[in-house]
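Trainee: Contents of start.txt (compact mmCIF, N, CA and C atoms) are below:
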```txt
# COMPACT_ATOMS: atom_id res chain seq x y z
N MET A 228 -55.74 -1.70 -5.42
CA MET A 228 -54.78 -2.59 -6.06
C MET A 228 -53.65 -1.78 -6.69
N PHE A 229 -54.00 -0.65 -7.29
CA PHE A 229 -53.00 0.19 -7.94
C PHE A 229 -51.99 0.73 -6.92
N SER A 230 -52.44 1.09 -5.72
CA SER A 230 -51.54 1.65 -4.73
C SER A 230 -50.59 0.59 -4.18
N ASN A 231 -51.04 -0.68 -4.04
CA ASN A 231 -50.16 -1.74 -3.58
C ASN A 231 -49.06 -2.03 -4.59
N SER A 232 -49.42 -2.09 -5.87
CA SER A 232 -48.42 -2.36 -6.90
C SER A 232 -47.45 -1.19 -7.04
N MET A 233 -47.93 0.02 -6.88
CA MET A 233 -47.06 1.21 -6.95
C MET A 233 -46.11 1.22 -5.76
N THR A 234 -46.57 0.86 -4.59
CA THR A 234 -45.73 0.80 -3.40
C THR A 234 -44.66 -0.27 -3.57
N LEU A 235 -45.04 -1.40 -4.15
CA LEU A 235 -44.08 -2.47 -4.39
C LEU A 235 -42.98 -2.02 -5.36
N TRP A 236 -43.37 -1.36 -6.43
CA TRP A 236 -42.38 -0.85 -7.39
C TRP A 236 -41.48 0.21 -6.77
N ALA A 237 -42.05 1.09 -5.99
CA ALA A 237 -41.25 2.14 -5.34
C ALA A 237 -40.26 1.52 -4.35
N GLY A 238 -40.71 0.51 -3.60
CA GLY A 238 -39.82 -0.17 -2.66
C GLY A 238 -38.69 -0.89 -3.38
N ALA A 239 -39.02 -1.59 -4.48
CA ALA A 239 -38.00 -2.29 -5.26
C ALA A 239 -37.00 -1.30 -5.85
N LEU A 240 -37.49 -0.18 -6.35
CA LEU A 240 -36.61 0.84 -6.92
C LEU A 240 -35.70 1.43 -5.84
N LEU A 241 -36.25 1.64 -4.65
CA LEU A 241 -35.45 2.17 -3.55
C LEU A 241 -34.35 1.19 -3.15
N ILE A 242 -34.68 -0.09 -3.03
CA ILE A 242 -33.69 -1.11 -2.68
C ILE A 242 -32.61 -1.20 -3.75
N LEU A 243 -33.01 -1.19 -5.01
CA LEU A 243 -32.04 -1.25 -6.11
C LEU A 243 -31.12 -0.02 -6.11
N SER A 244 -31.69 1.15 -5.86
CA SER A 244 -30.89 2.38 -5.83
C SER A 244 -29.87 2.36 -4.70
N VAL A 245 -30.28 1.94 -3.53
CA VAL A 245 -29.37 1.88 -2.39
C VAL A 245 -28.27 0.86 -2.64
N GLY A 246 -28.62 -0.28 -3.23
CA GLY A 246 -27.62 -1.30 -3.55
C GLY A 246 -26.60 -0.80 -4.55
N LEU A 247 -27.03 -0.15 -5.60
CA LEU A 247 -26.10 0.39 -6.60
C LEU A 247 -25.25 1.51 -6.02
N TRP A 248 -25.83 2.38 -5.20
CA TRP A 248 -25.08 3.48 -4.60
C TRP A 248 -23.99 2.95 -3.68
N SER A 249 -24.29 1.90 -2.89
CA SER A 249 -23.28 1.37 -1.98
C SER A 249 -22.15 0.69 -2.75
N CYS A 250 -22.44 0.07 -3.89
CA CYS A 250 -21.39 -0.56 -4.70
C CYS A 250 -20.46 0.49 -5.28
N THR A 251 -21.01 1.56 -5.80
CA THR A 251 -20.15 2.60 -6.39
C THR A 251 -19.38 3.33 -5.32
N THR A 252 -19.95 3.52 -4.14
CA THR A 252 -19.23 4.18 -3.05
C THR A 252 -18.07 3.31 -2.58
N ALA A 253 -18.28 2.02 -2.49
CA ALA A 253 -17.22 1.12 -2.04
C ALA A 253 -16.09 1.06 -3.05
N GLN A 254 -16.39 1.16 -4.33
CA GLN A 254 -15.35 1.09 -5.35
C GLN A 254 -14.57 2.39 -5.47
N SER A 255 -15.16 3.51 -5.12
CA SER A 255 -14.48 4.79 -5.27
C SER A 255 -13.87 5.28 -3.96
N ASP A 256 -13.72 4.39 -2.98
CA ASP A 256 -13.15 4.78 -1.70
C ASP A 256 -11.63 4.79 -1.68
N ASN A 257 -10.96 4.54 -2.81
CA ASN A 257 -9.49 4.52 -2.83
C ASN A 257 -9.01 5.95 -2.61
N ALA A 258 -8.35 6.17 -1.52
CA ALA A 258 -7.80 7.49 -1.23
C ALA A 258 -6.48 7.63 -1.97
N ALA A 259 -6.34 8.70 -2.70
CA ALA A 259 -5.10 8.95 -3.43
C ALA A 259 -4.08 9.53 -2.46
N ASP A 260 -2.85 9.05 -2.55
CA ASP A 260 -1.77 9.55 -1.72
C ASP A 260 -1.08 10.66 -2.51
N CYS A 261 -1.51 11.89 -2.29
CA CYS A 261 -1.04 13.02 -3.08
C CYS A 261 -0.29 14.04 -2.22
N CYS A 262 0.62 14.75 -2.88
CA CYS A 262 1.23 15.93 -2.26
C CYS A 262 0.24 17.07 -2.41
N LEU A 263 -0.08 17.73 -1.32
CA LEU A 263 -0.98 18.87 -1.37
C LEU A 263 -0.21 20.17 -1.52
N THR A 264 1.04 20.17 -1.04
CA THR A 264 1.94 21.31 -1.21
C THR A 264 3.33 20.76 -1.46
N THR A 265 4.21 21.61 -1.92
CA THR A 265 5.60 21.21 -2.12
C THR A 265 6.51 22.17 -1.37
N SER A 266 7.72 21.69 -1.09
CA SER A 266 8.72 22.53 -0.42
C SER A 266 9.93 22.64 -1.33
N ASP A 267 10.47 23.85 -1.43
CA ASP A 267 11.65 24.07 -2.27
C ASP A 267 12.94 23.83 -1.49
N ARG A 268 12.83 23.32 -0.27
CA ARG A 268 14.01 23.02 0.53
C ARG A 268 14.73 21.81 -0.06
N ARG A 269 16.02 21.96 -0.31
CA ARG A 269 16.80 20.89 -0.96
C ARG A 269 16.91 19.66 -0.05
N ILE A 270 16.84 18.50 -0.70
CA ILE A 270 16.92 17.22 0.01
C ILE A 270 18.27 16.60 -0.33
N PRO A 271 19.06 16.18 0.67
CA PRO A 271 20.36 15.59 0.37
C PRO A 271 20.22 14.22 -0.30
N LYS A 272 21.08 13.94 -1.26
CA LYS A 272 21.06 12.68 -2.00
C LYS A 272 21.24 11.48 -1.08
N LYS A 273 22.04 11.64 -0.02
CA LYS A 273 22.35 10.50 0.83
C LYS A 273 21.14 9.96 1.60
N VAL A 274 20.05 10.71 1.69
CA VAL A 274 18.87 10.22 2.41
C VAL A 274 17.78 9.68 1.48
N VAL A 275 17.93 9.89 0.17
CA VAL A 275 16.88 9.52 -0.78
C VAL A 275 17.17 8.16 -1.40
N THR A 276 16.12 7.32 -1.49
CA THR A 276 16.28 6.01 -2.14
C THR A 276 15.57 5.94 -3.48
N SER A 277 14.45 6.64 -3.62
CA SER A 277 13.70 6.59 -4.88
C SER A 277 12.82 7.82 -5.02
N PHE A 278 12.11 7.89 -6.13
CA PHE A 278 11.22 9.03 -6.36
C PHE A 278 10.07 8.59 -7.27
N THR A 279 9.00 9.36 -7.26
CA THR A 279 7.91 9.21 -8.23
C THR A 279 7.48 10.61 -8.64
N ILE A 280 6.88 10.68 -9.81
CA ILE A 280 6.38 11.95 -10.32
C ILE A 280 4.87 11.96 -10.17
N GLN A 281 4.35 13.02 -9.58
CA GLN A 281 2.90 13.20 -9.42
C GLN A 281 2.44 14.22 -10.46
N THR A 282 1.47 13.86 -11.27
CA THR A 282 0.93 14.80 -12.25
C THR A 282 -0.42 15.31 -11.77
N SER A 283 -0.85 16.40 -12.32
CA SER A 283 -2.12 16.99 -11.89
C SER A 283 -3.30 16.51 -12.73
N ASP A 284 -3.08 15.60 -13.66
CA ASP A 284 -4.19 15.16 -14.50
C ASP A 284 -4.97 13.98 -13.90
N GLY A 285 -4.50 13.42 -12.80
CA GLY A 285 -5.19 12.31 -12.15
C GLY A 285 -5.98 12.79 -10.95
N ALA A 286 -5.89 12.04 -9.86
CA ALA A 286 -6.62 12.37 -8.65
C ALA A 286 -5.96 13.51 -7.87
N CYS A 287 -4.70 13.78 -8.14
CA CYS A 287 -3.96 14.82 -7.41
C CYS A 287 -4.10 16.16 -8.10
N ARG A 288 -4.10 17.22 -7.31
CA ARG A 288 -4.37 18.55 -7.86
C ARG A 288 -3.14 19.30 -8.36
N ILE A 289 -1.96 18.99 -7.82
CA ILE A 289 -0.77 19.73 -8.22
C ILE A 289 0.30 18.78 -8.74
N PRO A 290 1.11 19.23 -9.70
CA PRO A 290 2.26 18.41 -10.12
C PRO A 290 3.36 18.51 -9.07
N ALA A 291 4.02 17.38 -8.80
CA ALA A 291 5.06 17.37 -7.78
C ALA A 291 5.99 16.19 -8.00
N THR A 292 7.10 16.19 -7.27
CA THR A 292 8.02 15.07 -7.23
C THR A 292 8.01 14.54 -5.81
N ILE A 293 7.80 13.24 -5.66
CA ILE A 293 7.76 12.63 -4.33
C ILE A 293 9.04 11.83 -4.14
N PHE A 294 9.89 12.26 -3.22
CA PHE A 294 11.12 11.55 -2.91
C PHE A 294 10.87 10.67 -1.69
N VAL A 295 11.36 9.43 -1.74
CA VAL A 295 11.22 8.50 -0.62
C VAL A 295 12.58 8.37 0.04
N THR A 296 12.61 8.56 1.35
CA THR A 296 13.87 8.50 2.10
C THR A 296 14.16 7.07 2.56
N LYS A 297 15.35 6.88 3.09
CA LYS A 297 15.75 5.57 3.62
C LYS A 297 14.85 5.13 4.77
N LYS A 298 14.28 6.08 5.49
CA LYS A 298 13.38 5.77 6.60
C LYS A 298 11.93 5.60 6.15
N GLY A 299 11.70 5.72 4.84
CA GLY A 299 10.36 5.52 4.30
C GLY A 299 9.49 6.77 4.28
N LEU A 300 10.06 7.92 4.61
CA LEU A 300 9.30 9.16 4.56
C LEU A 300 9.10 9.60 3.12
N LYS A 301 7.97 10.22 2.83
CA LYS A 301 7.71 10.77 1.51
C LYS A 301 7.78 12.29 1.59
N LEU A 302 8.70 12.86 0.81
CA LEU A 302 8.92 14.31 0.81
C LEU A 302 8.46 14.89 -0.51
N CYS A 303 7.66 15.93 -0.46
CA CYS A 303 7.09 16.54 -1.66
C CYS A 303 7.93 17.73 -2.11
N ALA A 304 8.42 17.64 -3.33
CA ALA A 304 9.25 18.70 -3.91
C ALA A 304 8.55 19.20 -5.18
N PRO A 305 8.99 20.35 -5.70
CA PRO A 305 8.38 20.86 -6.92
C PRO A 305 8.57 19.91 -8.10
N PHE A 306 7.75 20.09 -9.12
CA PHE A 306 7.86 19.32 -10.35
C PHE A 306 9.21 19.64 -10.99
N PRO A 307 9.90 18.64 -11.53
CA PRO A 307 11.24 18.91 -12.09
C PRO A 307 11.17 19.76 -13.36
N SER A 308 12.06 20.73 -13.42
CA SER A 308 12.26 21.49 -14.65
C SER A 308 13.71 21.31 -15.05
N GLU A 309 14.11 21.90 -16.14
CA GLU A 309 15.44 21.63 -16.67
C GLU A 309 16.58 22.09 -15.78
N ASN A 310 16.43 23.20 -15.10
CA ASN A 310 17.56 23.76 -14.35
C ASN A 310 17.30 23.90 -12.86
N ASN A 311 16.58 22.98 -12.25
CA ASN A 311 16.41 23.12 -10.80
C ASN A 311 17.02 21.92 -10.08
N TRP A 312 17.12 22.02 -8.77
CA TRP A 312 17.77 20.99 -7.97
C TRP A 312 17.03 19.66 -8.03
N VAL A 313 15.71 19.70 -8.28
CA VAL A 313 14.92 18.47 -8.32
C VAL A 313 15.37 17.60 -9.50
N SER A 314 15.53 18.19 -10.67
CA SER A 314 15.95 17.40 -11.83
C SER A 314 17.37 16.88 -11.65
N LYS A 315 18.23 17.66 -10.99
CA LYS A 315 19.60 17.19 -10.74
C LYS A 315 19.61 16.01 -9.76
N LEU A 316 18.74 16.06 -8.74
CA LEU A 316 18.66 14.95 -7.78
C LEU A 316 18.09 13.70 -8.46
N ILE A 317 17.13 13.87 -9.33
CA ILE A 317 16.58 12.73 -10.09
C ILE A 317 17.66 12.10 -10.96
N ASP A 318 18.45 12.94 -11.62
CA ASP A 318 19.56 12.42 -12.45
C ASP A 318 20.55 11.62 -11.60
N LEU A 319 20.86 12.11 -10.40
CA LEU A 319 21.78 11.39 -9.51
C LEU A 319 21.20 10.05 -9.08
N ILE A 320 19.90 10.02 -8.78
CA ILE A 320 19.26 8.76 -8.37
C ILE A 320 19.27 7.76 -9.52
N LEU A 321 18.98 8.24 -10.72
CA LEU A 321 18.95 7.35 -11.89
C LEU A 321 20.34 6.86 -12.27
N ALA A 322 21.37 7.65 -11.98
CA ALA A 322 22.74 7.27 -12.33
C ALA A 322 23.36 6.33 -11.30
N THR A 323 22.79 6.28 -10.11
CA THR A 323 23.33 5.42 -9.06
C THR A 323 22.97 3.97 -9.34
N PRO A 324 23.97 3.08 -9.44
CA PRO A 324 23.65 1.67 -9.68
C PRO A 324 22.97 1.04 -8.47
N VAL A 325 22.10 0.10 -8.74
CA VAL A 325 21.42 -0.61 -7.66
C VAL A 325 22.39 -1.58 -7.03
N GLN A 326 22.55 -1.51 -5.72
CA GLN A 326 23.49 -2.37 -5.03
C GLN A 326 22.80 -3.66 -4.61
N THR A 327 23.45 -4.78 -4.91
CA THR A 327 22.93 -6.07 -4.46
C THR A 327 23.74 -6.48 -3.23
N PRO A 328 23.10 -7.12 -2.28
CA PRO A 328 23.84 -7.53 -1.08
C PRO A 328 24.89 -8.57 -1.42
N ARG A 329 26.11 -8.38 -0.86
CA ARG A 329 27.21 -9.32 -1.09
C ARG A 329 27.18 -10.40 -0.03
N LYS A 330 27.52 -11.61 -0.43
CA LYS A 330 27.63 -12.70 0.52
C LYS A 330 29.05 -12.76 1.05
N LEU A 331 29.16 -12.93 2.34
CA LEU A 331 30.47 -13.04 2.96
C LEU A 331 30.91 -14.49 2.93
N LYS A 332 32.11 -14.72 2.47
CA LYS A 332 32.62 -16.09 2.39
C LYS A 332 33.03 -16.58 3.77
N GLY A 333 32.48 -17.72 4.18
CA GLY A 333 32.89 -18.36 5.42
C GLY A 333 32.37 -17.70 6.67
N LYS A 334 31.64 -16.61 6.59
CA LYS A 334 31.12 -15.94 7.78
C LYS A 334 29.59 -15.97 7.73
N LYS A 335 29.01 -16.13 8.89
CA LYS A 335 27.57 -16.13 8.98
C LYS A 335 27.09 -14.67 8.98
N GLN A 336 26.01 -14.45 8.24
CA GLN A 336 25.43 -13.12 8.24
C GLN A 336 24.48 -12.99 9.42
N LYS A 337 24.47 -11.83 10.00
CA LYS A 337 23.58 -11.57 11.14
C LYS A 337 22.14 -11.48 10.64
N PRO A 338 21.20 -12.10 11.35
CA PRO A 338 19.80 -11.97 10.95
C PRO A 338 19.32 -10.54 11.17
N GLN A 339 18.45 -10.10 10.30
CA GLN A 339 17.96 -8.72 10.39
C GLN A 339 16.64 -8.65 11.07
```
Can the structure in the file be given as structure tokens, please?
Mentor:
Amino acid sequence: MFSNSMTLWAGALLILSVGLWSCTTAQSDNAADCCLTTSDRRIPKKVVTSFTIQTSDGACRIPATIFVTKKGLKLCAPFPSENNWVSKLIDLILATPVQTPRKLKGKKQKPQ
């Protein structure tokens, strides 16, 4: 009788463990989109639409600046410091006003 009850408890514990493990694995499957390296090659302002700052205190290992181009590419640049091209490009992006599309009077706009 003791062996049947012990087998039942072991089976229940195994099922519970597998269930909890699969829940935590499913929740932690979010892959972080991180820069693994950076390039010091300058990026022209005319191709950049936005940027984000990547810090090393989260899921990513290195601090970096991620510039997004008009074609949707993500380019990894060094973390901005006071006197480098990255901080100057960020200042230019922040100073550029957001353009809203203008409506043409009396003319039909072409569908995109």
Trainee: Using only C-alpha atoms, which protein or nucleic acid residues come within 7 Å of Ser266 (chain A)? Drop anything in the same chain fewer than 2 positions from it, and give the result as a list of chain:residue names.
Mentor: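 What passes the distance filter is A:Thr264, A:Arg268, A:Cys303, A:Ala304, A:Pro305.
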Trainee: Could the residues in this selection be saved with N, CA and C atoms as a PDB file, in the coordinates of the input?
Mentor:
```
ATOM      1  N   THR A 264       1.040  20.170  -1.040  1.00  0.00           N
ATOM      2  CA  THR A 264       1.940  21.310  -1.210  1.00  0.00           C
ATOM      3  C   THR A 264       3.330  20.760  -1.460  1.00  0.00           C
ATOM      4  N   ARG A 268      12.830  23.320  -0.270  1.00  0.00           N
ATOM      5  CA  ARG A 268      14.010  23.020   0.530  1.00  0.00           C
ATOM      6  C   ARG A 268      14.730  21.810  -0.060  1.00  0.00           C
ATOM      7  N   CYS A 303       7.660  15.930  -0.460  1.00  0.00           N
ATOM      8  CA  CYS A 303       7.090  16.540  -1.660  1.00  0.00           C
ATOM      9  C   CYS A 303       7.930  17.730  -2.110  1.00  0.00           C
ATOM     10  N   ALA A 304       8.420  17.640  -3.330  1.00  0.00           N
ATOM     11  CA  ALA A 304       9.250  18.700  -3.910  1.00  0.00           C
ATOM     12  C   ALA A 304       8.550  19.200  -5.180  1.00  0.00           C
ATOM     13  N   PRO A 305       8.990  20.350  -5.700  1.00  0.00           N
ATOM     14  CA  PRO A 305       8.380  20.860  -6.920  1.00  0.00           C
ATOM     15  C   PRO A 305       8.570  19.910  -8.100  1.00  0.00           C
TER      16      PRO A 305
END
```
Trainee: Quick one: DSSP strand (DSSP E) residues in region 266-334 of chain A, as an NGL selection string?
Mentor: :A and (275-281 or 291-296 or 301-304)
Trainee: Within 9 Å of Thr292 (chain A), counting only C-alpha atoms, which residues show up once you throw out same-chain ones fewer than 3 positions away? Write them as a VMD selection string, please.
Mentor: chain A and resid 262 265 278 to 282 302 to 307 313
Trainee: Export N, CA and C atoms of the chosen residues as an mmCIF file, in the coordinates of the input?
Mentor:
```cif
data_model
loop_
_atom_site.group_PDB
_atom_site.id
_atom_site.type_symbol
_atom_site.label_atom_id
_atom_site.label_comp_id
_atom_site.auth_asym_id
_atom_site.auth_seq_id
_atom_site.Cartn_x
_atom_site.Cartn_y
_atom_site.Cartn_z
ATOM 1 N N CYS A 262 0.620 14.750 -2.880
ATOM 2 C CA CYS A 262 1.230 15.930 -2.260
ATOM 3 C C CYS A 262 0.240 17.070 -2.410
ATOM 4 N N THR A 265 4.210 21.610 -1.920
ATOM 5 C CA THR A 265 5.600 21.210 -2.120
ATOM 6 C C THR A 265 6.510 22.170 -1.370
ATOM 7 N N PHE A 278 12.110 7.890 -6.130
ATOM 8 C CA PHE A 278 11.220 9.030 -6.360
ATOM 9 C C PHE A 278 10.070 8.590 -7.270
ATOM 10 N N THR A 279 9.000 9.360 -7.260
ATOM 11 C CA THR A 279 7.910 9.210 -8.230
ATOM 12 C C THR A 279 7.480 10.610 -8.640
ATOM 13 N N ILE A 280 6.880 10.680 -9.810
ATOM 14 C CA ILE A 280 6.380 11.950 -10.320
ATOM 15 C C ILE A 280 4.870 11.960 -10.170
ATOM 16 N N GLN A 281 4.350 13.020 -9.580
ATOM 17 C CA GLN A 281 2.900 13.200 -9.420
ATOM 18 C C GLN A 281 2.440 14.220 -10.460
ATOM 19 N N THR A 282 1.470 13.860 -11.270
ATOM 20 C CA THR A 282 0.930 14.800 -12.250
ATOM 21 C C THR A 282 -0.420 15.310 -11.770
ATOM 22 N N LEU A 302 8.700 12.860 0.810
ATOM 23 C CA LEU A 302 8.920 14.310 0.810
ATOM 24 C C LEU A 302 8.460 14.890 -0.510
ATOM 25 N N CYS A 303 7.660 15.930 -0.460
ATOM 26 C CA CYS A 303 7.090 16.540 -1.660
ATOM 27 C C CYS A 303 7.930 17.730 -2.110
ATOM 28 N N ALA A 304 8.420 17.640 -3.330
ATOM 29 C CA ALA A 304 9.250 18.700 -3.910
ATOM 30 C C ALA A 304 8.550 19.200 -5.180
ATOM 31 N N PRO A 305 8.990 20.350 -5.700
ATOM 32 C CA PRO A 305 8.380 20.860 -6.920
ATOM 33 C C PRO A 305 8.570 19.910 -8.100
ATOM 34 N N PHE A 306 7.750 20.090 -9.120
ATOM 35 C CA PHE A 306 7.860 19.320 -10.350
ATOM 36 C C PHE A 306 9.210 19.640 -10.990
ATOM 37 N N PRO A 307 9.900 18.640 -11.530
ATOM 38 C CA PRO A 307 11.240 18.910 -12.090
ATOM 39 C C PRO A 307 11.170 19.760 -13.360
ATOM 40 N N VAL A 313 15.710 19.700 -8.280
ATOM 41 C CA VAL A 313 14.920 18.470 -8.320
ATOM 42 C C VAL A 313 15.370 17.600 -9.500
#
```
Trainee: Name the closest residue to Val274 (chain A) among the candidates A:Ile293, A:Cys261, A:Leu321, A:Lys298; distances are taken between atoms, counting all atoms listed in the file.
Mentor: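 Counting all atoms listed in the file, the residue closest to Val274 (chain A) is A:Lys298.
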Trainee: Run DSSP on the backbone and give me the residues of region 285-318 of chain A it puts in alpha helix (DSSP H), as a ChimeraX atom specification.
Mentor: /A:312-318
Trainee: Measure the distance from atom C of Ile317 (chain A) to atom C of Thr296 (chain A) in Å and round it to one decimal.
Mentor: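 Value for the atom C of Ile317 (chain A)-atom C of Thr296 (chain A) distance: 14.8 Å.
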Trainee: May I ask for the distance between atom N of Arg288 (chain A) and CA of Ala322 (chain A), given in Å to one decimal place?
Mentor: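 Computing it gives 29.1 Å between the two atoms.
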Trainee: For each of A:Val295, A:Leu263, A:Val275, A:Cys287, take the minimum atom-to-atom distance to Leu319 (chain A), counting only C-alpha atoms, then give the residue where this is smallest.
Mentor: A:Val275
Trainee: Rounded to one decimal place, report the atom C of Ile320 (chain A)-CA of Asp267 (chain A) distance in Å.
Mentor: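 A separation of 19.4 Å between them.
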Trainee: Measuring atom to atom with all atoms listed in the file, identify which of A:Asn231, A:Thr327, A:Thr276, A:Asn311 is nearest to Gly299 (chain A).
Mentor: A:Thr276
Trainee: I'd like to know which of A:Ser277, A:Lys297, A:Arg269, A:Ala291 is closest to Asp318 (chain A), using only C-alpha atoms.
Mentor: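 Of all the options, A:Ser277 lies closest to Asp318 (chain A).
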Trainee: Would you please take region 263-283 of chain A of the structure in the block above and write N, CA, C and O atoms to a file as a short mmCIF file (atom, residue, chain, number, x, y, z; two decimals), in the first residue's frame?
Mentor:
```
data_model
loop_
_atom_site.label_atom_id
_atom_site.label_comp_id
_atom_site.auth_asym_id
_atom_site.auth_seq_id
_atom_site.Cartn_x
_atom_site.Cartn_y
_atom_site.Cartn_z
N LEU A 263 24.48 43.25 -30.95
CA LEU A 263 25.55 42.45 -30.37
C LEU A 263 26.91 43.11 -30.56
O LEU A 263 27.82 42.90 -29.78
N THR A 264 27.01 43.93 -31.61
CA THR A 264 28.21 44.73 -31.86
C THR A 264 27.76 46.08 -32.40
O THR A 264 26.61 46.24 -32.81
N THR A 265 28.66 47.03 -32.40
CA THR A 265 28.36 48.34 -32.97
C THR A 265 29.40 48.68 -34.03
O THR A 265 30.50 48.13 -34.02
N SER A 266 29.03 49.60 -34.91
CA SER A 266 29.95 50.06 -35.94
C SER A 266 30.14 51.56 -35.79
O SER A 266 29.17 52.28 -35.56
N ASP A 267 31.38 52.01 -35.91
CA ASP A 267 31.66 53.44 -35.77
C ASP A 267 31.54 54.15 -37.12
O ASP A 267 31.85 55.33 -37.23
N ARG A 268 31.06 53.45 -38.14
CA ARG A 268 30.87 54.06 -39.45
C ARG A 268 29.70 55.04 -39.39
O ARG A 268 28.61 54.70 -38.96
N ARG A 269 29.94 56.27 -39.83
CA ARG A 269 28.91 57.32 -39.74
C ARG A 269 27.72 57.01 -40.65
O ARG A 269 27.88 56.52 -41.75
N ILE A 270 26.54 57.34 -40.14
CA ILE A 270 25.29 57.11 -40.86
C ILE A 270 24.77 58.47 -41.30
O ILE A 270 24.64 59.38 -40.48
N PRO A 271 24.43 58.65 -42.59
CA PRO A 271 23.93 59.95 -43.03
C PRO A 271 22.54 60.24 -42.47
O PRO A 271 21.70 59.35 -42.37
N LYS A 272 22.30 61.49 -42.11
CA LYS A 272 21.02 61.92 -41.54
C LYS A 272 19.87 61.65 -42.49
O LYS A 272 18.76 61.31 -42.07
N LYS A 273 20.11 61.78 -43.80
CA LYS A 273 19.02 61.67 -44.77
C LYS A 273 18.42 60.27 -44.83
O LYS A 273 17.32 60.10 -45.35
N VAL A 274 19.08 59.24 -44.30
CA VAL A 274 18.52 57.89 -44.34
C VAL A 274 17.88 57.47 -43.02
O VAL A 274 17.20 56.45 -42.96
N VAL A 275 18.06 58.26 -41.96
CA VAL A 275 17.59 57.88 -40.63
C VAL A 275 16.24 58.51 -40.33
O VAL A 275 16.02 59.69 -40.59
N THR A 276 15.32 57.71 -39.77
CA THR A 276 14.01 58.24 -39.38
C THR A 276 13.85 58.34 -37.87
O THR A 276 13.18 59.23 -37.38
N SER A 277 14.46 57.41 -37.13
CA SER A 277 14.32 57.43 -35.67
C SER A 277 15.49 56.69 -35.02
O SER A 277 16.35 56.14 -35.72
N PHE A 278 15.47 56.65 -33.70
CA PHE A 278 16.53 55.95 -32.97
C PHE A 278 15.99 55.47 -31.64
O PHE A 278 14.96 55.95 -31.15
N THR A 279 16.66 54.50 -31.04
CA THR A 279 16.42 54.08 -29.67
C THR A 279 17.77 53.86 -29.01
O THR A 279 18.77 53.61 -29.68
N ILE A 280 17.76 53.94 -27.70
CA ILE A 280 18.98 53.72 -26.92
C ILE A 280 18.88 52.35 -26.27
O ILE A 280 17.88 52.03 -25.64
N GLN A 281 19.91 51.54 -26.44
CA GLN A 281 19.98 50.22 -25.82
C GLN A 281 20.94 50.30 -24.64
O GLN A 281 22.08 50.75 -24.79
N THR A 282 20.48 49.91 -23.47
CA THR A 282 21.35 49.91 -22.29
C THR A 282 21.78 48.48 -21.98
O THR A 282 21.13 47.52 -22.40
N SER A 283 22.82 48.34 -21.22
CA SER A 283 23.32 47.01 -20.90
C SER A 283 22.73 46.46 -19.61
O SER A 283 23.10 45.37 -19.19
#
```
